[in-house]
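Shown here: work_5.txt, compact mmCIF, C-alpha atoms and all ligand atoms.
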# COMPACT_ATOMS: atom_id res chain seq x y z
CA MET X 1 33.59 42.10 94.23
CA LEU X 2 30.44 40.91 92.52
CA GLN X 3 30.49 43.96 90.27
CA GLN X 4 34.09 43.19 89.38
CA ILE X 5 33.17 39.61 88.43
CA ARG X 6 30.23 40.84 86.37
CA ARG X 7 32.42 43.43 84.57
CA SER X 8 35.02 40.81 83.77
CA VAL X 9 32.34 38.34 82.53
CA GLU X 10 30.79 41.07 80.37
CA SER X 11 34.10 42.14 78.88
CA SER X 12 35.07 38.53 78.14
CA GLU X 13 31.66 38.09 76.46
CA LYS X 14 32.28 41.21 74.39
CA ARG X 15 35.69 39.91 73.39
CA LYS X 16 34.21 36.58 72.31
CA ILE X 17 31.63 38.20 70.07
CA GLN X 18 32.87 37.96 66.56
CA PRO X 19 32.90 41.06 64.36
CA ARG X 20 29.55 42.11 62.98
CA ARG X 21 28.67 40.33 59.74
CA ARG X 22 26.96 42.38 57.11
CA ILE X 23 23.78 40.47 56.48
CA ARG X 24 21.69 41.73 53.59
CA TYR X 25 17.99 40.97 53.34
CA ILE X 26 16.58 40.35 49.88
CA ARG X 27 13.02 40.16 48.64
CA LYS X 28 13.66 39.58 44.96
CA LEU X 29 14.48 36.12 43.74
CA ASP X 30 16.81 37.43 41.05
CA MET X 31 19.10 38.63 43.84
CA ALA X 32 19.51 35.06 45.09
CA PRO X 33 22.61 33.58 43.50
CA ASN X 34 22.62 30.53 41.30
CA ILE X 35 19.00 30.30 40.18
CA PRO X 36 19.10 29.76 36.41
CA ALA X 37 17.19 32.35 34.32
CA ASN X 38 14.69 29.82 32.93
CA GLU X 39 13.79 28.67 36.45
CA LEU X 40 13.70 32.20 37.78
CA GLU X 41 10.85 33.25 35.56
CA LYS X 42 8.64 30.37 36.76
CA LEU X 43 9.54 30.85 40.41
CA GLU X 44 8.86 34.58 40.29
CA LYS X 45 5.23 33.75 39.49
CA VAL X 46 5.15 31.68 42.69
CA SER X 47 6.68 34.47 44.76
CA GLU X 48 4.10 36.91 43.44
CA LYS X 49 1.53 34.80 45.28
CA TYR X 50 3.58 33.56 48.25
CA VAL X 51 6.17 36.15 49.03
CA PHE X 52 9.89 35.40 49.11
CA ARG X 53 12.37 36.82 51.60
CA ALA X 54 15.84 35.61 52.50
CA ASN X 55 19.17 36.93 53.68
CA THR X 56 22.75 36.48 52.63
CA TYR X 57 23.77 34.47 55.71
CA TYR X 58 21.07 31.86 55.18
CA LEU X 59 21.48 31.70 51.40
CA ASN X 60 25.15 30.92 52.00
CA LEU X 61 24.17 27.71 53.77
CA ILE X 62 22.70 26.33 50.54
CA ASP X 63 24.64 23.79 48.51
CA TRP X 64 23.65 25.10 45.06
CA ASP X 65 25.11 22.02 43.36
CA ASP X 66 22.39 19.91 44.96
CA PRO X 67 18.91 20.68 43.56
CA ALA X 68 17.41 18.77 46.52
CA ASP X 69 19.44 20.65 49.12
CA PRO X 70 17.25 20.87 52.27
CA ILE X 71 18.12 24.50 53.05
CA ARG X 72 17.23 25.41 49.47
CA GLN X 73 13.87 23.59 49.81
CA LEU X 74 13.21 25.57 52.94
CA ILE X 75 13.34 29.08 51.42
CA ILE X 76 13.46 28.94 47.63
CA PRO X 77 9.96 28.80 46.07
CA ARG X 78 8.79 25.78 44.11
CA GLU X 79 6.31 25.72 41.25
CA GLU X 80 4.23 23.04 42.99
CA GLU X 81 3.23 25.61 45.61
CA LEU X 82 0.64 26.84 43.13
CA ARG X 83 -1.21 23.52 43.31
CA GLU X 84 -4.60 23.57 44.98
CA TRP X 85 -4.10 22.60 48.62
CA GLY X 86 -5.51 23.53 52.03
CA LYS X 87 -6.65 26.89 53.32
CA LEU X 88 -4.75 30.06 54.10
CA ASP X 89 -5.85 29.94 57.75
CA ALA X 90 -5.71 26.16 58.13
CA CYS X 91 -6.34 26.18 61.89
CA ASN X 92 -8.99 28.84 61.91
CA GLU X 93 -6.92 31.16 64.09
CA GLU X 94 -9.52 33.80 63.41
CA ALA X 95 -11.91 31.90 65.73
CA VAL X 96 -9.63 32.40 68.75
CA THR X 97 -8.66 35.99 67.95
CA VAL X 98 -9.99 38.12 70.82
CA ALA X 99 -8.57 41.43 69.55
CA LYS X 100 -6.37 42.35 66.62
CA GLY X 101 -3.12 40.35 66.97
CA VAL X 102 -4.28 38.69 70.22
CA GLN X 103 -5.21 34.99 70.28
CA HIS X 104 -6.58 33.19 73.34
CA LYS X 105 -7.22 29.50 72.75
CA TYR X 106 -5.93 27.68 75.84
CA LYS X 107 -6.94 28.97 79.27
CA ASP X 108 -3.51 29.94 80.57
CA THR X 109 -1.82 31.04 77.31
CA VAL X 110 -2.22 34.13 75.15
CA LEU X 111 -0.47 34.70 71.81
CA LEU X 112 0.56 38.18 70.76
CA LEU X 113 1.21 38.48 67.02
CA CYS X 114 3.58 41.37 67.45
CA ASN X 115 5.24 41.36 64.05
CA GLU X 116 4.56 40.29 60.49
CA VAL X 117 8.09 39.88 59.19
CA CYS X 118 10.62 37.05 59.59
CA GLY X 119 14.35 36.78 58.96
CA ALA X 120 13.44 34.81 55.82
CA TYR X 121 10.20 33.18 54.80
CA CYS X 122 9.87 29.44 55.22
CA ARG X 123 8.05 28.09 52.19
CA TYR X 124 5.96 25.77 54.40
CA CYS X 125 4.84 28.53 56.76
CA PHE X 126 1.31 28.08 58.14
CA ARG X 127 1.00 31.84 58.79
CA LYS X 128 2.01 32.98 55.31
CA ARG X 129 -1.22 34.96 55.19
CA LEU X 130 0.45 37.50 57.51
CA PHE X 131 2.99 38.29 54.81
CA MET X 132 0.34 39.07 52.21
CA ASP X 133 -0.62 42.65 51.51
CA ASP X 134 -4.34 42.13 52.01
CA HIS X 135 -3.93 40.59 55.49
CA ASP X 136 -3.41 42.83 58.46
CA GLU X 137 -3.55 40.73 61.61
CA SER X 138 -0.47 41.59 63.65
CA ILE X 139 -0.18 44.66 65.83
CA ASN X 140 2.25 47.50 66.27
CA ASP X 141 0.47 48.91 69.26
CA MET X 142 0.51 46.23 71.97
CA SER X 143 -1.57 48.20 74.49
CA GLN X 144 -4.80 46.35 73.70
CA GLY X 145 -3.10 42.97 74.10
CA ILE X 146 -1.45 44.03 77.35
CA ARG X 147 -4.81 45.28 78.68
CA TYR X 148 -6.44 41.98 77.71
CA ILE X 149 -3.77 39.94 79.52
CA LYS X 150 -4.00 42.21 82.61
CA SER X 151 -7.71 41.59 82.84
CA HIS X 152 -7.32 37.78 82.59
CA PRO X 153 -5.59 36.53 85.75
CA GLU X 154 -5.75 32.94 84.50
CA VAL X 155 -3.14 33.79 81.82
CA ASN X 156 0.30 32.81 83.11
CA ASN X 157 1.96 32.20 79.71
CA VAL X 158 2.36 34.71 76.91
CA LEU X 159 3.79 33.73 73.55
CA LEU X 160 5.27 36.50 71.43
CA THR X 161 4.99 35.40 67.87
CA GLY X 162 4.09 36.64 64.42
CA GLY X 163 6.18 36.83 62.18
CA ASP X 164 9.31 36.78 64.24
CA PRO X 165 9.52 38.92 67.40
CA LEU X 166 13.32 39.10 67.09
CA VAL X 167 12.96 40.98 63.80
CA MET X 168 11.45 43.84 65.81
CA SER X 169 13.76 46.52 67.12
CA THR X 170 15.21 45.78 70.55
CA PRO X 171 13.59 48.88 72.18
CA ARG X 172 10.17 47.71 70.99
CA LEU X 173 10.73 44.19 72.25
CA VAL X 174 12.04 45.53 75.58
CA ASN X 175 8.87 47.64 76.00
CA ILE X 176 6.73 44.54 75.54
CA LEU X 177 8.84 42.47 77.96
CA LYS X 178 8.70 45.29 80.51
CA ALA X 179 4.93 45.65 80.20
CA LEU X 180 4.45 41.89 80.60
CA ARG X 181 6.75 41.71 83.62
CA GLU X 182 4.59 44.37 85.29
CA ILE X 183 1.67 41.91 85.22
CA SER X 184 2.14 39.70 88.27
CA HIS X 185 0.16 36.70 86.95
CA VAL X 186 2.29 36.40 83.79
CA LYS X 187 5.00 33.89 84.72
CA ILE X 188 6.36 32.59 81.43
CA ILE X 189 7.13 34.74 78.39
CA ARG X 190 7.86 32.71 75.28
CA ILE X 191 9.54 34.17 72.25
CA GLY X 192 8.85 32.11 69.12
CA THR X 193 11.75 32.78 66.78
CA LYS X 194 13.70 31.37 63.87
CA MET X 195 16.33 34.11 64.07
CA PRO X 196 18.94 31.84 65.71
CA ALA X 197 18.73 29.82 62.46
CA PHE X 198 18.07 32.60 59.95
CA ASN X 199 20.43 35.22 61.32
CA PRO X 200 22.25 34.41 64.59
CA TRP X 201 24.02 37.78 64.40
CA ARG X 202 20.74 39.35 65.48
CA ILE X 203 21.53 37.87 68.89
CA LEU X 204 25.33 37.93 68.83
CA ASP X 205 25.56 41.59 67.86
CA ASP X 206 23.04 42.94 70.31
CA LEU X 207 24.27 43.26 73.89
CA THR X 208 21.17 45.31 74.77
CA LEU X 209 18.97 42.37 73.81
CA LEU X 210 21.02 40.00 75.98
CA GLU X 211 20.89 42.48 78.85
CA ALA X 212 17.10 42.63 78.45
CA PHE X 213 16.97 38.83 78.64
CA ARG X 214 19.02 38.97 81.86
CA THR X 215 16.69 41.60 83.29
CA PHE X 216 13.38 40.00 82.41
CA SER X 217 14.15 36.26 82.64
CA LEU X 218 13.80 35.85 86.39
CA GLU X 219 14.45 32.88 88.66
CA GLU X 220 10.77 32.24 89.15
CA LYS X 221 9.49 33.75 85.89
CA ARG X 222 11.57 32.67 82.94
CA ILE X 223 11.74 33.75 79.34
CA TYR X 224 11.65 30.75 77.01
CA LEU X 225 13.13 31.02 73.56
CA MET X 226 11.12 28.74 71.32
CA ALA X 227 13.75 28.18 68.64
CA HIS X 228 12.94 26.80 65.22
CA PHE X 229 15.73 24.70 63.76
CA ASP X 230 14.51 22.33 61.05
CA HIS X 231 17.74 20.70 59.93
CA PRO X 232 21.12 19.97 61.57
CA ARG X 233 22.88 22.09 58.91
CA GLU X 234 21.24 25.17 60.44
CA LEU X 235 23.20 24.50 63.63
CA THR X 236 26.23 26.47 62.51
CA LYS X 237 28.85 27.83 64.91
CA PRO X 238 27.22 31.27 65.13
CA ALA X 239 23.79 29.67 65.60
CA ILE X 240 25.10 27.53 68.47
CA GLU X 241 26.82 30.57 69.96
CA GLY X 242 23.55 32.51 69.70
CA ILE X 243 21.78 29.82 71.75
CA ALA X 244 24.68 29.77 74.23
CA ARG X 245 24.34 33.56 74.70
CA CYS X 246 20.63 33.21 75.41
CA LEU X 247 21.28 30.42 77.94
CA LYS X 248 23.95 32.52 79.66
CA SER X 249 21.46 35.35 79.85
CA GLY X 250 19.07 33.16 81.81
CA VAL X 251 16.78 32.24 78.93
CA ILE X 252 15.57 28.62 78.64
CA CYS X 253 15.82 27.36 75.06
CA VAL X 254 13.71 24.65 73.42
CA ASN X 255 13.08 23.78 69.79
CA GLN X 256 9.92 23.24 67.79
CA CYS X 257 9.64 22.58 64.10
CA PRO X 258 7.40 20.80 61.61
CA ILE X 259 8.27 17.65 59.71
CA ILE X 260 8.82 18.91 56.16
CA LYS X 261 9.07 16.89 52.97
CA GLY X 262 12.47 17.43 51.38
CA VAL X 263 13.93 19.07 54.49
CA ASN X 264 13.84 16.74 57.50
CA ASP X 265 11.67 13.77 56.43
CA ASP X 266 14.44 11.32 57.15
CA ALA X 267 14.93 9.50 60.45
CA ALA X 268 18.73 9.92 60.38
CA VAL X 269 18.45 13.68 59.77
CA LEU X 270 15.82 14.14 62.44
CA ALA X 271 17.76 12.00 64.94
CA GLU X 272 20.86 14.11 64.28
CA LEU X 273 18.85 17.30 64.77
CA PHE X 274 17.32 16.06 68.05
CA ALA X 275 20.70 14.87 69.35
CA LYS X 276 22.55 18.08 68.48
CA LEU X 277 19.78 20.21 69.97
CA SER X 278 20.10 18.26 73.22
CA TYR X 279 23.88 18.81 73.24
CA ILE X 280 23.57 22.60 72.93
CA GLY X 281 20.89 22.99 75.61
CA CYS X 282 17.95 23.55 73.28
CA SER X 283 15.80 20.46 73.87
CA PRO X 284 13.47 19.21 71.16
CA TYR X 285 9.97 20.17 72.32
CA TYR X 286 7.43 19.68 69.52
CA LEU X 287 7.62 18.14 66.08
CA PHE X 288 4.54 19.33 64.21
CA GLN X 289 2.58 17.55 61.56
CA GLY X 290 2.28 20.23 58.82
CA ARG X 291 -1.07 22.02 58.76
CA PRO X 292 -2.77 21.78 55.38
CA THR X 293 -2.07 25.38 54.46
CA ALA X 294 -2.49 26.88 50.98
CA GLY X 295 0.80 26.74 49.08
CA ASN X 296 2.24 23.96 51.23
CA LYS X 297 1.52 20.88 49.12
CA PRO X 298 5.16 20.17 48.16
CA TYR X 299 6.21 20.17 51.82
CA ALA X 300 3.43 17.99 53.23
CA LEU X 301 3.75 14.41 54.47
CA PRO X 302 0.93 12.03 55.41
CA ILE X 303 0.46 11.53 59.16
CA VAL X 304 1.51 7.86 59.15
CA ARG X 305 4.68 8.57 57.20
CA GLY X 306 5.53 11.43 59.56
CA TRP X 307 4.90 9.26 62.59
CA LYS X 308 7.15 6.47 61.26
CA ILE X 309 10.03 8.89 60.67
CA PHE X 310 9.50 10.53 64.05
CA SER X 311 9.35 7.28 66.00
CA GLU X 312 12.44 5.90 64.28
CA ALA X 313 14.38 9.12 64.99
CA HIS X 314 13.02 9.33 68.52
CA TYR X 315 14.61 6.13 69.78
CA ARG X 316 18.04 6.78 68.30
CA GLY X 317 18.98 9.49 70.80
CA SER X 318 19.43 9.77 74.55
CA GLY X 319 16.48 10.58 76.80
CA LEU X 320 17.21 14.30 76.48
CA ALA X 321 17.04 14.05 72.69
CA ARG X 322 13.71 12.23 73.03
CA ARG X 323 11.69 14.98 74.61
CA ALA X 324 9.81 16.02 71.47
CA ARG X 325 6.17 15.05 71.01
CA PHE X 326 4.74 14.59 67.55
CA VAL X 327 1.64 16.76 67.45
CA MET X 328 -0.97 18.33 65.21
CA SER X 329 -1.94 21.89 66.04
CA HIS X 330 -5.59 21.47 65.20
CA GLU X 331 -8.21 24.16 65.63
CA THR X 332 -9.67 22.16 68.57
CA GLY X 333 -6.32 21.72 70.34
CA LYS X 334 -2.88 20.22 70.24
CA ILE X 335 -3.30 16.55 69.35
CA GLU X 336 -0.44 14.16 70.04
CA ILE X 337 -0.01 11.21 67.71
CA THR X 338 0.99 8.54 70.20
CA ALA X 339 1.06 5.34 68.13
CA VAL X 340 0.18 3.73 64.81
CA ASP X 341 -0.40 0.00 64.25
CA ASP X 342 -1.62 -2.01 61.27
CA GLN X 343 -5.21 -0.90 61.74
CA TYR X 344 -5.35 2.22 63.85
CA ILE X 345 -3.85 5.60 64.66
CA TYR X 346 -3.89 6.50 68.38
CA MET X 347 -4.00 10.10 69.51
CA ARG X 348 -4.53 12.20 72.62
CA TYR X 349 -5.38 15.83 73.28
CA HIS X 350 -2.23 17.33 74.73
CA GLU X 351 -3.86 20.79 74.84
CA ALA X 352 -7.50 21.51 74.19
CA GLY X 353 -9.60 24.56 73.45
CA ASN X 354 -12.43 22.84 75.32
CA PRO X 355 -11.05 21.83 78.74
CA ALA X 356 -13.29 18.71 78.69
CA ASP X 357 -11.15 17.39 75.80
CA LEU X 358 -7.84 17.66 77.66
CA GLY X 359 -6.21 14.22 77.81
CA ARG X 360 -8.98 12.68 75.70
CA PHE X 361 -7.70 9.55 73.97
CA MET X 362 -8.87 8.87 70.41
CA ILE X 363 -8.58 5.99 67.99
CA TYR X 364 -8.89 6.45 64.23
CA HIS X 365 -8.85 3.99 61.36
CA ARG X 366 -5.42 3.98 59.80
CA ASP X 367 -5.26 5.78 56.46
CA ASP X 368 -1.77 6.14 55.02
CA HIS X 369 -2.93 8.90 52.66
CA ALA X 370 -4.40 11.21 55.30
CA TYR X 371 -2.56 14.44 56.04
CA TRP X 372 -4.81 15.78 58.79
CA ILE X 373 -7.09 14.43 61.50
CA ASP X 374 -10.19 15.73 59.71
CA GLN X 375 -9.49 13.23 56.90
CA LEU X 376 -9.55 10.24 59.30
CA LYS X 377 -12.49 8.13 60.42
CA PRO X 378 -12.84 7.77 64.21
CA VAL X 379 -13.21 4.32 65.79
CA LYS X 380 -14.18 5.36 69.28
CA ARG X 381 -13.45 7.95 71.90
CA ILE X 382 -12.41 7.23 75.46
CA ILE X 383 -12.18 9.84 78.21
CA GLN X 384 -9.28 9.12 80.53
S1 LIG V 401 9.87 31.65 60.90
FE1 LIG V 401 7.83 30.84 61.44
S2 LIG V 401 6.40 32.52 61.02
FE2 LIG V 401 8.35 32.98 59.95
S3 LIG V 401 8.14 32.16 57.91
FE3 LIG V 401 9.09 30.57 59.12
S4 LIG V 401 7.39 29.31 59.89
FE4 LIG V 401 6.51 31.25 59.18
For this file, produce the structure as structure tokens.
Amino acid sequence: MLQQIRRSVESSEKRKIQPRRRIRYIRKLDMAPNIPANELEKLEKVSEKYVFRANTYYLNLIDWDDPADPIRQLIIPREEELREWGKLDACNEEAVTVAKGVQHKYKDTVLLLCNEVCGAYCRYCFRKRLFMDDHDESINDMSQGIRYIKSHPEVNNVLLTGGDPLVMSTPRLVNILKALREISHVKIIRIGTKMPAFNPWRILDDLTLLEAFRTFSLEEKRIYLMAHFDHPRELTKPAIEGIARCLKSGVICVNQCPIIKGVNDDAAVLAELFAKLSYIGCSPYYLFQGRPTAGNKPYALPIVRGWKIFSEAHYRGSGLARRARFVMSHETGKIEITAVDDQYIYMRYHEAGNPADLGRFMIYHRDDHAYWIDQLKPVKRIIQ
């Protein structure tokens, strides 16, 4: 009987899947439609430094009549990227790299950089160094990472990241999931991915992937899909269906994204994003203050400005749309910006590299021009 029900559910799922869309990936700007020749020449210089990649599905979401279109800002290079700004490894990830492609910063969580390609490249990416030819930090062979996790029983969370793990082939991803599920102390496997936004057909077309989710997302040991929607316009029908498929396959979905100038730096836009994410079962989880990364100047917002937009958006939605925290992923830990008043900015360590910092409350002098905690002057520190 149960088998019959399962067969009928599977066949109805197959029927609902829409026909495969031919998505083409492009790496040359001149293959993107609608960029005028005079602009193209300037932007190609930018993409020589910070590589460009997109696909036909995502490019089709752009309103080319609007030069300030948020989806366009997200993937089409801008000349201002060449301005001096930040470092390539803004959070010093190198310092927590314990083996090639393996980062261990917080006691119970290990990151595996298992891929160095994404469905498109976000212009504001803080890991853009991975896409550069002279950087080789991700791994094809996961055995070293798996061995490391096996020998660290305190690790109960593993984040697959990169790059985008869903750009990998399904057999490769399945091998990693299988190897992780064989380690009894690994409870949560997170998959950090923007594919539901960049190319939802990656999920919709792949029944083997969904089957793998069903197999490895267990009642007491879930897979979490850490989605990355930046703007409500990315929540298209196929994108929503992609999330629905993951949920039906037993995967918990949440969303994390940065606040990005020209994309979502507007309380109404952010409130709409948070609300819609809550409707589709992909709760807002983190909103990140952008790390001062080389090339990211045009997308950066000062902390106070970001906090104002976040707090205004935050209180427009229901409780479920209000689950995001506004945080900075600093090299010392994840620092939550909890409040700003006329004089001060109040923060707390939500995660900390040094366990003694966890929960530490901090007060800084307000500076409306500061983009990062290192630019602020502390008032005092209180351990709570
Ligand atoms: S999906 Fe993530 S890793 Fe990939 S380009 Fe965008 S921000 Fe960077």
(Q) Show me which residues line ligand LIG 401 (chain V), defined as having an atom within 7 Å of a ligand atom where all atoms listed in the file count, and present them as a PyMOL selection string. (A) chain X and resi 117-118+120-122+124-128+162-164+193-194
Q | Near-Tyr279 in chain X list (9 Å; all atoms listed in the file; drop same-chain fewer than 5 positions) as a list in words | A |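 Close residues of Tyr279 in chain X: Phe274, Leu320 and Ala321 of chain X.
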Q: Could you check how far CA of His231 in chain X sits from CA of Lys45 in chain X, in Å to one decimal?
A: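 Between CA of His231 in chain X and CA of Lys45 in chain X the gap works out to 27.3 Å.
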Q: Tell me, as a VMD selection string, which residues lie within 10 Å of Leu277 in chain X, counting only C-alpha atoms; anything in the same chain fewer than 2 positions away does not count.
A: chain X and resid 229 232 235 240 243 253 to 255 271 to 275 279 to 284 320 to 321
Q) Got a sec: who's within 10 Å of range 301-309 of chain X, counting all atoms listed in the file, leaving out chain neighbours fewer than 2 positions off, as a ChimeraX atom specification? A) /X:258-262,264-271,287-292,297-299,311-314,326-328,337-341,345,366-373
Q: Write out as a PyMOL selection string which residues come within 7 Å of range 69-72 of chain X when counting only C-alpha atoms, dropping same-chain ones fewer than 6 positions away.
A: chain X and resi 61-63+262-263
Q: Show which residues sit within 12 Å of Ala212 in chain X, as a ChimeraX atom specification. Count all atoms listed in the file, and ignore same-chain residues fewer than 3 positions away.
A: /X:170-178,181,203,206-209,215-218,223,246,249-251
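Proximity ranking of X:His365, X:Thr97, X:Tyr224, X:Pro196 relative to Lys237 in chain X places X:Pro196 first, based on all atoms listed in the file.
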Q | Atomic distance CA of Glu331 in chain X - CA of Asn157 in chain X, expressed in Å with one decimal | A | 19.1 Å
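Take the candidates X:Glu234, X:Glu41, X:Glu336, X:Asp141 and check each one against Glu351 in chain X using all atoms listed in the file; the shortest distance goes to X:Glu336.
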Q: Measure the distance from CA of Val110 in chain X to CA of Ile252 in chain X in Å and round it to one decimal.
A: 18.9 Å
